[in-house]
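Below you'll find the structure, written out as structure tokens, and then a few comments.
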Amino acid sequence: MVSVVALTQAMDFANPPKIGAVIRGTAPVSSLSYHDDGVHLFVTSEGDSRLRLVNCDSGTSEKPATKFEREGIRMAEKTHHDLCVIYTGKGTKEQPPAQRHAVHYLSLHDNKILRNFSGHTGEITNISMSPVDDTFLTSSADKTVKLWTLEKAGCVAELHLPPMAESKPYACFDGTGLVFGVAVSLGERSDEHAIHLYDARNYKGGPFSEMKVSQSSVEAAIQGKGIAPDVASTLSKGKWNSMSFNKSGDQILIGAETGLGIVLNGYEGTVDSVLLSEGAASLSDAAAFTGCFTPEDRTILGGNQDGTITCW
């Protein structure tokens, strides 16, 4: 895993790289976040409530994993400081919802919480740090998207999804930090997902692009790969569970719970291609699609239930 990321730009994926290091844990990984320096990798395991700091140069954990005994940890996102992260946990039943679903700014240098960000009343679905400044986005099952800055506790702006929105939203910045996107399902009656793009410097003016992705277009793309119509229909109805931009911003990668990845045109929202995790085509035991663009935008890497990595 370490070698894949460190050598991506010079690598020929036709000749798979050797494993550079194995960092063992006691529970499955729930989130990965690389710092921009390429040295530090923040690894979250929700199952055992631990956060590990991995040094990608040495292929070792720099210090013992941080254990979150009381409130747990679900996901962590790097910041511009190499030893600071923002994370969200599971909270406790005794806490009010806004506190239970808070985001925390943590220094791993001295294991100190620098700031808490409260406001969401539902489980947070994604945290996305701006690549250019100290602002970050959170999206939540409470059907809101919030924009924050590390410099103060209150949110800078808040977006409420329309009543027709059915699913949990997902929001993230693009590679330039000048644009952010919000994806959501418009409900069973519509058979469509919406992706709205915002100017990060002028978000109050509303989205500058409103794209709609129909289930039928996704289903047709799946059938184009030789998948049976009934299987394609089931896969295309999977709930979206992730969203990311490639470096140039001309493509968007969507992950679905059925093990389906959807590559969309970043300007028009049309389906460029679909990707299937191992087991997805047989509707067997495929996990939710987890994947990412490589830095040079030539390849998409995706993890599978059996521990293998697929390159597209």
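Every chain in the structure tokens takes a letter, A first, then B, and so on in the order presented; its residues are numbered from 1, and the ligands are numbered from 1 following the presented order.
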What are the DSSP strand (DSSP E) residues of segment 195-298 of chain A, as a PDB file with N, CA, C and O atoms, in the first residue's frame?
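This is the output file selection_26.pdb:
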```
ATOM      1  N   ILE A 195     -26.043  16.358  -8.537  1.00  0.00           N
ATOM      2  CA  ILE A 195     -24.730  16.851  -8.108  1.00  0.00           C
ATOM      3  C   ILE A 195     -24.694  18.341  -8.406  1.00  0.00           C
ATOM      4  O   ILE A 195     -24.828  18.751  -9.563  1.00  0.00           O
ATOM      5  N   HIS A 196     -24.538  19.136  -7.371  1.00  0.00           N
ATOM      6  CA  HIS A 196     -24.437  20.584  -7.528  1.00  0.00           C
ATOM      7  C   HIS A 196     -23.010  21.024  -7.252  1.00  0.00           C
ATOM      8  O   HIS A 196     -22.400  20.591  -6.261  1.00  0.00           O
ATOM      9  N   LEU A 197     -22.485  21.875  -8.119  1.00  0.00           N
ATOM     10  CA  LEU A 197     -21.130  22.397  -7.962  1.00  0.00           C
ATOM     11  C   LEU A 197     -21.193  23.864  -7.549  1.00  0.00           C
ATOM     12  O   LEU A 197     -21.966  24.642  -8.116  1.00  0.00           O
ATOM     13  N   TYR A 198     -20.355  24.226  -6.566  1.00  0.00           N
ATOM     14  CA  TYR A 198     -20.343  25.580  -6.014  1.00  0.00           C
ATOM     15  C   TYR A 198     -18.954  26.200  -6.152  1.00  0.00           C
ATOM     16  O   TYR A 198     -17.934  25.505  -6.036  1.00  0.00           O
ATOM     17  N   ASP A 199     -18.950  27.511  -6.366  1.00  0.00           N
ATOM     18  CA  ASP A 199     -17.712  28.277  -6.311  1.00  0.00           C
ATOM     19  C   ASP A 199     -17.391  28.497  -4.838  1.00  0.00           C
ATOM     20  O   ASP A 199     -18.165  29.117  -4.111  1.00  0.00           O
ATOM     21  N   SER A 209     -23.404  24.974 -11.327  1.00  0.00           N
ATOM     22  CA  SER A 209     -23.718  23.835 -12.189  1.00  0.00           C
ATOM     23  C   SER A 209     -24.624  22.875 -11.432  1.00  0.00           C
ATOM     24  O   SER A 209     -24.363  22.555 -10.263  1.00  0.00           O
ATOM     25  N   GLU A 210     -25.714  22.441 -12.079  1.00  0.00           N
ATOM     26  CA  GLU A 210     -26.650  21.487 -11.487  1.00  0.00           C
ATOM     27  C   GLU A 210     -26.774  20.297 -12.436  1.00  0.00           C
ATOM     28  O   GLU A 210     -27.395  20.393 -13.488  1.00  0.00           O
ATOM     29  N   MET A 211     -26.154  19.203 -12.048  1.00  0.00           N
ATOM     30  CA  MET A 211     -26.137  18.021 -12.904  1.00  0.00           C
ATOM     31  C   MET A 211     -27.041  16.947 -12.317  1.00  0.00           C
ATOM     32  O   MET A 211     -27.129  16.804 -11.098  1.00  0.00           O
ATOM     33  N   LYS A 212     -27.695  16.197 -13.186  1.00  0.00           N
ATOM     34  CA  LYS A 212     -28.551  15.100 -12.746  1.00  0.00           C
ATOM     35  C   LYS A 212     -28.081  13.811 -13.402  1.00  0.00           C
ATOM     36  O   LYS A 212     -27.776  13.775 -14.599  1.00  0.00           O
ATOM     37  N   VAL A 213     -28.008  12.764 -12.589  1.00  0.00           N
ATOM     38  CA  VAL A 213     -27.569  11.453 -13.052  1.00  0.00           C
ATOM     39  C   VAL A 213     -28.725  10.481 -12.849  1.00  0.00           C
ATOM     40  O   VAL A 213     -29.140  10.220 -11.714  1.00  0.00           O
ATOM     41  N   SER A 214     -29.257   9.957 -13.935  1.00  0.00           N
ATOM     42  CA  SER A 214     -30.407   9.061 -13.825  1.00  0.00           C
ATOM     43  C   SER A 214     -29.965   7.628 -13.578  1.00  0.00           C
ATOM     44  O   SER A 214     -28.885   7.207 -14.021  1.00  0.00           O
ATOM     45  N   TRP A 240     -25.566   5.815  -3.004  1.00  0.00           N
ATOM     46  CA  TRP A 240     -24.237   6.394  -3.115  1.00  0.00           C
ATOM     47  C   TRP A 240     -23.633   6.566  -1.723  1.00  0.00           C
ATOM     48  O   TRP A 240     -24.325   6.940  -0.773  1.00  0.00           O
ATOM     49  N   ASN A 241     -22.325   6.273  -1.603  1.00  0.00           N
ATOM     50  CA  ASN A 241     -21.689   6.394  -0.291  1.00  0.00           C
ATOM     51  C   ASN A 241     -20.334   7.111  -0.316  1.00  0.00           C
ATOM     52  O   ASN A 241     -19.652   7.176   0.695  1.00  0.00           O
ATOM     53  N   SER A 242     -19.954   7.674  -1.462  1.00  0.00           N
ATOM     54  CA  SER A 242     -18.716   8.462  -1.519  1.00  0.00           C
ATOM     55  C   SER A 242     -18.692   9.293  -2.792  1.00  0.00           C
ATOM     56  O   SER A 242     -19.399   8.990  -3.761  1.00  0.00           O
ATOM     57  N   MET A 243     -17.859  10.331  -2.763  1.00  0.00           N
ATOM     58  CA  MET A 243     -17.723  11.224  -3.907  1.00  0.00           C
ATOM     59  C   MET A 243     -16.337  11.841  -3.874  1.00  0.00           C
ATOM     60  O   MET A 243     -15.849  12.254  -2.818  1.00  0.00           O
ATOM     61  N   SER A 244     -15.660  11.894  -5.027  1.00  0.00           N
ATOM     62  CA  SER A 244     -14.345  12.535  -5.096  1.00  0.00           C
ATOM     63  C   SER A 244     -14.083  13.034  -6.512  1.00  0.00           C
ATOM     64  O   SER A 244     -14.649  12.506  -7.482  1.00  0.00           O
ATOM     65  N   PHE A 245     -13.242  14.053  -6.624  1.00  0.00           N
ATOM     66  CA  PHE A 245     -12.837  14.619  -7.919  1.00  0.00           C
ATOM     67  C   PHE A 245     -11.450  14.094  -8.283  1.00  0.00           C
ATOM     68  O   PHE A 245     -10.625  13.817  -7.402  1.00  0.00           O
ATOM     69  N   GLN A 251     -13.387  14.821 -14.001  1.00  0.00           N
ATOM     70  CA  GLN A 251     -14.122  13.604 -13.703  1.00  0.00           C
ATOM     71  C   GLN A 251     -14.454  13.541 -12.216  1.00  0.00           C
ATOM     72  O   GLN A 251     -13.722  14.061 -11.371  1.00  0.00           O
ATOM     73  N   ILE A 252     -15.580  12.896 -11.926  1.00  0.00           N
ATOM     74  CA  ILE A 252     -16.031  12.694 -10.545  1.00  0.00           C
ATOM     75  C   ILE A 252     -16.241  11.200 -10.347  1.00  0.00           C
ATOM     76  O   ILE A 252     -16.851  10.531 -11.187  1.00  0.00           O
ATOM     77  N   LEU A 253     -15.718  10.678  -9.244  1.00  0.00           N
ATOM     78  CA  LEU A 253     -15.878   9.262  -8.924  1.00  0.00           C
ATOM     79  C   LEU A 253     -16.906   9.116  -7.812  1.00  0.00           C
ATOM     80  O   LEU A 253     -16.766   9.683  -6.737  1.00  0.00           O
ATOM     81  N   ILE A 254     -17.941   8.344  -8.092  1.00  0.00           N
ATOM     82  CA  ILE A 254     -19.000   8.056  -7.119  1.00  0.00           C
ATOM     83  C   ILE A 254     -18.906   6.600  -6.703  1.00  0.00           C
ATOM     84  O   ILE A 254     -18.753   5.711  -7.537  1.00  0.00           O
ATOM     85  N   GLY A 255     -19.004   6.334  -5.413  1.00  0.00           N
ATOM     86  CA  GLY A 255     -19.046   4.967  -4.912  1.00  0.00           C
ATOM     87  C   GLY A 255     -20.446   4.636  -4.435  1.00  0.00           C
ATOM     88  O   GLY A 255     -21.151   5.489  -3.895  1.00  0.00           O
ATOM     89  N   ALA A 256     -20.874   3.398  -4.642  1.00  0.00           N
ATOM     90  CA  ALA A 256     -22.202   2.955  -4.208  1.00  0.00           C
ATOM     91  C   ALA A 256     -22.078   1.739  -3.298  1.00  0.00           C
ATOM     92  O   ALA A 256     -21.084   1.007  -3.347  1.00  0.00           O
ATOM     93  N   LEU A 260     -20.445  -0.782  -6.679  1.00  0.00           N
ATOM     94  CA  LEU A 260     -20.398  -0.121  -7.987  1.00  0.00           C
ATOM     95  C   LEU A 260     -19.685   1.221  -7.874  1.00  0.00           C
ATOM     96  O   LEU A 260     -19.966   2.016  -6.979  1.00  0.00           O
ATOM     97  N   GLY A 261     -18.761   1.475  -8.807  1.00  0.00           N
ATOM     98  CA  GLY A 261     -18.138   2.777  -8.946  1.00  0.00           C
ATOM     99  C   GLY A 261     -18.617   3.426 -10.228  1.00  0.00           C
ATOM    100  O   GLY A 261     -18.742   2.760 -11.264  1.00  0.00           O
ATOM    101  N   ILE A 262     -18.915   4.717 -10.180  1.00  0.00           N
ATOM    102  CA  ILE A 262     -19.428   5.437 -11.348  1.00  0.00           C
ATOM    103  C   ILE A 262     -18.495   6.602 -11.639  1.00  0.00           C
ATOM    104  O   ILE A 262     -18.273   7.456 -10.767  1.00  0.00           O
ATOM    105  N   VAL A 263     -17.929   6.636 -12.831  1.00  0.00           N
ATOM    106  CA  VAL A 263     -17.072   7.744 -13.244  1.00  0.00           C
ATOM    107  C   VAL A 263     -17.903   8.688 -14.108  1.00  0.00           C
ATOM    108  O   VAL A 263     -18.392   8.303 -15.172  1.00  0.00           O
ATOM    109  N   LEU A 264     -18.066   9.914 -13.623  1.00  0.00           N
ATOM    110  CA  LEU A 264     -18.904  10.895 -14.310  1.00  0.00           C
ATOM    111  C   LEU A 264     -18.059  11.977 -14.956  1.00  0.00           C
ATOM    112  O   LEU A 264     -16.978  12.340 -14.443  1.00  0.00           O
ATOM    113  N   ASN A 265     -18.553  12.525 -16.049  1.00  0.00           N
ATOM    114  CA  ASN A 265     -17.943  13.712 -16.641  1.00  0.00           C
ATOM    115  C   ASN A 265     -18.119  14.873 -15.664  1.00  0.00           C
ATOM    116  O   ASN A 265     -19.245  15.162 -15.245  1.00  0.00           O
ATOM    117  N   VAL A 271     -22.368   9.711 -17.699  1.00  0.00           N
ATOM    118  CA  VAL A 271     -21.616   8.552 -17.228  1.00  0.00           C
ATOM    119  C   VAL A 271     -20.501   8.224 -18.219  1.00  0.00           C
ATOM    120  O   VAL A 271     -20.763   7.846 -19.363  1.00  0.00           O
ATOM    121  N   ASP A 272     -19.246   8.384 -17.778  1.00  0.00           N
ATOM    122  CA  ASP A 272     -18.104   8.028 -18.619  1.00  0.00           C
ATOM    123  C   ASP A 272     -17.857   6.519 -18.585  1.00  0.00           C
ATOM    124  O   ASP A 272     -17.553   5.908 -19.606  1.00  0.00           O
ATOM    125  N   SER A 273     -17.950   5.929 -17.408  1.00  0.00           N
ATOM    126  CA  SER A 273     -17.735   4.490 -17.273  1.00  0.00           C
ATOM    127  C   SER A 273     -18.246   4.027 -15.912  1.00  0.00           C
ATOM    128  O   SER A 273     -18.518   4.846 -15.031  1.00  0.00           O
ATOM    129  N   VAL A 274     -18.383   2.724 -15.755  1.00  0.00           N
ATOM    130  CA  VAL A 274     -18.752   2.131 -14.461  1.00  0.00           C
ATOM    131  C   VAL A 274     -17.701   1.088 -14.095  1.00  0.00           C
ATOM    132  O   VAL A 274     -17.096   0.449 -14.970  1.00  0.00           O
ATOM    133  N   LEU A 275     -17.480   0.907 -12.808  1.00  0.00           N
ATOM    134  CA  LEU A 275     -16.471  -0.006 -12.289  1.00  0.00           C
ATOM    135  C   LEU A 275     -17.140  -0.945 -11.290  1.00  0.00           C
ATOM    136  O   LEU A 275     -17.992  -0.518 -10.511  1.00  0.00           O
ATOM    137  N   LEU A 276     -16.744  -2.206 -11.295  1.00  0.00           N
ATOM    138  CA  LEU A 276     -17.355  -3.192 -10.403  1.00  0.00           C
ATOM    139  C   LEU A 276     -16.292  -3.809  -9.506  1.00  0.00           C
ATOM    140  O   LEU A 276     -15.278  -4.327  -9.992  1.00  0.00           O
ATOM    141  N   GLY A 291     -12.754   3.597  -3.593  1.00  0.00           N
ATOM    142  CA  GLY A 291     -11.747   3.799  -4.616  1.00  0.00           C
ATOM    143  C   GLY A 291     -11.269   5.235  -4.659  1.00  0.00           C
ATOM    144  O   GLY A 291     -11.831   6.117  -4.006  1.00  0.00           O
ATOM    145  N   CYS A 292     -10.212   5.465  -5.437  1.00  0.00           N
ATOM    146  CA  CYS A 292      -9.674   6.823  -5.565  1.00  0.00           C
ATOM    147  C   CYS A 292      -8.916   6.951  -6.877  1.00  0.00           C
ATOM    148  O   CYS A 292      -8.445   5.959  -7.449  1.00  0.00           O
ATOM    149  N   PHE A 293      -8.820   8.176  -7.369  1.00  0.00           N
ATOM    150  CA  PHE A 293      -7.979   8.473  -8.519  1.00  0.00           C
ATOM    151  C   PHE A 293      -6.514   8.509  -8.075  1.00  0.00           C
ATOM    152  O   PHE A 293      -6.208   8.934  -6.957  1.00  0.00           O
TER     153      PHE A 293
END
```
* **Long-range neighbours of Leu150 of chain A as a ChimeraX atom specification, 7 Å cut-off, only C-alpha atoms, 2 positions minimum in chain** => /A:134-135,148,152
Long-range neighbours of Leu137 of chain A as a short mmCIF file (atom, residue, chain, number, x, y, z; two decimals) with N, CA and C atoms, in the first residue's frame, 7 Å cut-off, only C-alpha atoms, 2 positions minimum in chain:
```cif
data_model
loop_
_atom_site.label_atom_id
_atom_site.label_comp_id
_atom_site.auth_asym_id
_atom_site.auth_seq_id
_atom_site.Cartn_x
_atom_site.Cartn_y
_atom_site.Cartn_z
N ILE A 127 -16.01 14.19 5.59
CA ILE A 127 -15.26 15.39 5.97
C ILE A 127 -14.27 15.65 4.85
N SER A 128 -14.22 16.88 4.35
CA SER A 128 -13.33 17.22 3.24
C SER A 128 -12.60 18.51 3.54
N MET A 129 -11.28 18.43 3.63
CA MET A 129 -10.44 19.59 3.90
C MET A 129 -10.09 20.31 2.60
N SER A 139 -20.68 16.81 5.58
CA SER A 139 -22.04 16.48 5.15
C SER A 139 -22.61 15.47 6.13
N LYS A 146 -22.22 21.64 5.88
CA LYS A 146 -21.70 22.81 6.59
C LYS A 146 -20.27 23.10 6.15
N LEU A 147 -19.98 24.40 6.08
CA LEU A 147 -18.63 24.87 5.78
C LEU A 147 -18.06 25.47 7.06
N TRP A 148 -16.84 25.07 7.41
CA TRP A 148 -16.19 25.50 8.65
C TRP A 148 -14.80 26.06 8.35
N ALA A 171 -20.38 15.62 0.35
CA ALA A 171 -19.81 16.88 -0.13
C ALA A 171 -18.29 16.79 -0.07
N CYS A 172 -17.62 17.38 -1.05
CA CYS A 172 -16.15 17.40 -1.04
C CYS A 172 -15.63 18.52 -1.92
#
```
* Could you jot down the atom CA of Lys93 of chain A to atom CA of Glu69 of chain A separation for me, Å, one decimal place? => 14.3 Å
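Considering only segment 76-215 of chain A, backbone DSSP assigns helix (DSSP H, G or I) to A:Pro97, A:Ala98, A:Gln99, A:Arg100, A:Tyr203, A:Lys204, A:Gly205, A:Gln215.
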Output the selection as a PDB file, in the first residue's frame - N, CA, C and O atoms for each residue.
```pdb
ATOM      1  N   PRO A  97     -27.556  15.295  20.490  1.00  0.00           N
ATOM      2  CA  PRO A  97     -27.148  14.996  19.114  1.00  0.00           C
ATOM      3  C   PRO A  97     -26.042  15.905  18.572  1.00  0.00           C
ATOM      4  O   PRO A  97     -25.117  15.426  17.903  1.00  0.00           O
ATOM      5  N   ALA A  98     -26.112  17.205  18.839  1.00  0.00           N
ATOM      6  CA  ALA A  98     -25.114  18.131  18.293  1.00  0.00           C
ATOM      7  C   ALA A  98     -23.720  17.831  18.824  1.00  0.00           C
ATOM      8  O   ALA A  98     -22.712  18.044  18.131  1.00  0.00           O
ATOM      9  N   GLN A  99     -23.639  17.328  20.048  1.00  0.00           N
ATOM     10  CA  GLN A  99     -22.351  16.970  20.627  1.00  0.00           C
ATOM     11  C   GLN A  99     -21.907  15.582  20.173  1.00  0.00           C
ATOM     12  O   GLN A  99     -20.734  15.338  19.918  1.00  0.00           O
ATOM     13  N   ARG A 100     -22.876  14.683  20.032  1.00  0.00           N
ATOM     14  CA  ARG A 100     -22.576  13.309  19.612  1.00  0.00           C
ATOM     15  C   ARG A 100     -22.000  13.274  18.209  1.00  0.00           C
ATOM     16  O   ARG A 100     -21.140  12.448  17.888  1.00  0.00           O
ATOM     17  N   TYR A 203     -20.027  30.921  -2.749  1.00  0.00           N
ATOM     18  CA  TYR A 203     -21.045  29.891  -2.561  1.00  0.00           C
ATOM     19  C   TYR A 203     -22.423  30.463  -2.265  1.00  0.00           C
ATOM     20  O   TYR A 203     -23.439  29.825  -2.491  1.00  0.00           O
ATOM     21  N   LYS A 204     -22.467  31.700  -1.767  1.00  0.00           N
ATOM     22  CA  LYS A 204     -23.758  32.316  -1.454  1.00  0.00           C
ATOM     23  C   LYS A 204     -24.589  32.565  -2.707  1.00  0.00           C
ATOM     24  O   LYS A 204     -25.806  32.740  -2.630  1.00  0.00           O
ATOM     25  N   GLY A 205     -23.956  32.577  -3.861  1.00  0.00           N
ATOM     26  CA  GLY A 205     -24.672  32.774  -5.116  1.00  0.00           C
ATOM     27  C   GLY A 205     -25.358  31.511  -5.613  1.00  0.00           C
ATOM     28  O   GLY A 205     -26.008  31.530  -6.663  1.00  0.00           O
ATOM     29  N   GLN A 215     -30.797   6.890 -12.880  1.00  0.00           N
ATOM     30  CA  GLN A 215     -30.522   5.477 -12.654  1.00  0.00           C
ATOM     31  C   GLN A 215     -30.472   4.734 -13.977  1.00  0.00           C
ATOM     32  O   GLN A 215     -29.663   3.818 -14.165  1.00  0.00           O
TER      33      GLN A 215
END
```
* Asked: So which residues touch segment 38-47 of chain A within 8 Å, counting only C-alpha atoms, skipping near sequence neighbours fewer than 5 positions away, as number ranges by chain?
  -> A: 6, 27-33, 52-57, 72-78, 82
* To do: Show which residues sit within 7 Å of segment 115-124 of chain A, as number ranges by chain. Count only C-alpha atoms, and ignore same-chain residues fewer than 4 positions away.
  => A: 97-99, 101-105, 138-142, 153-154
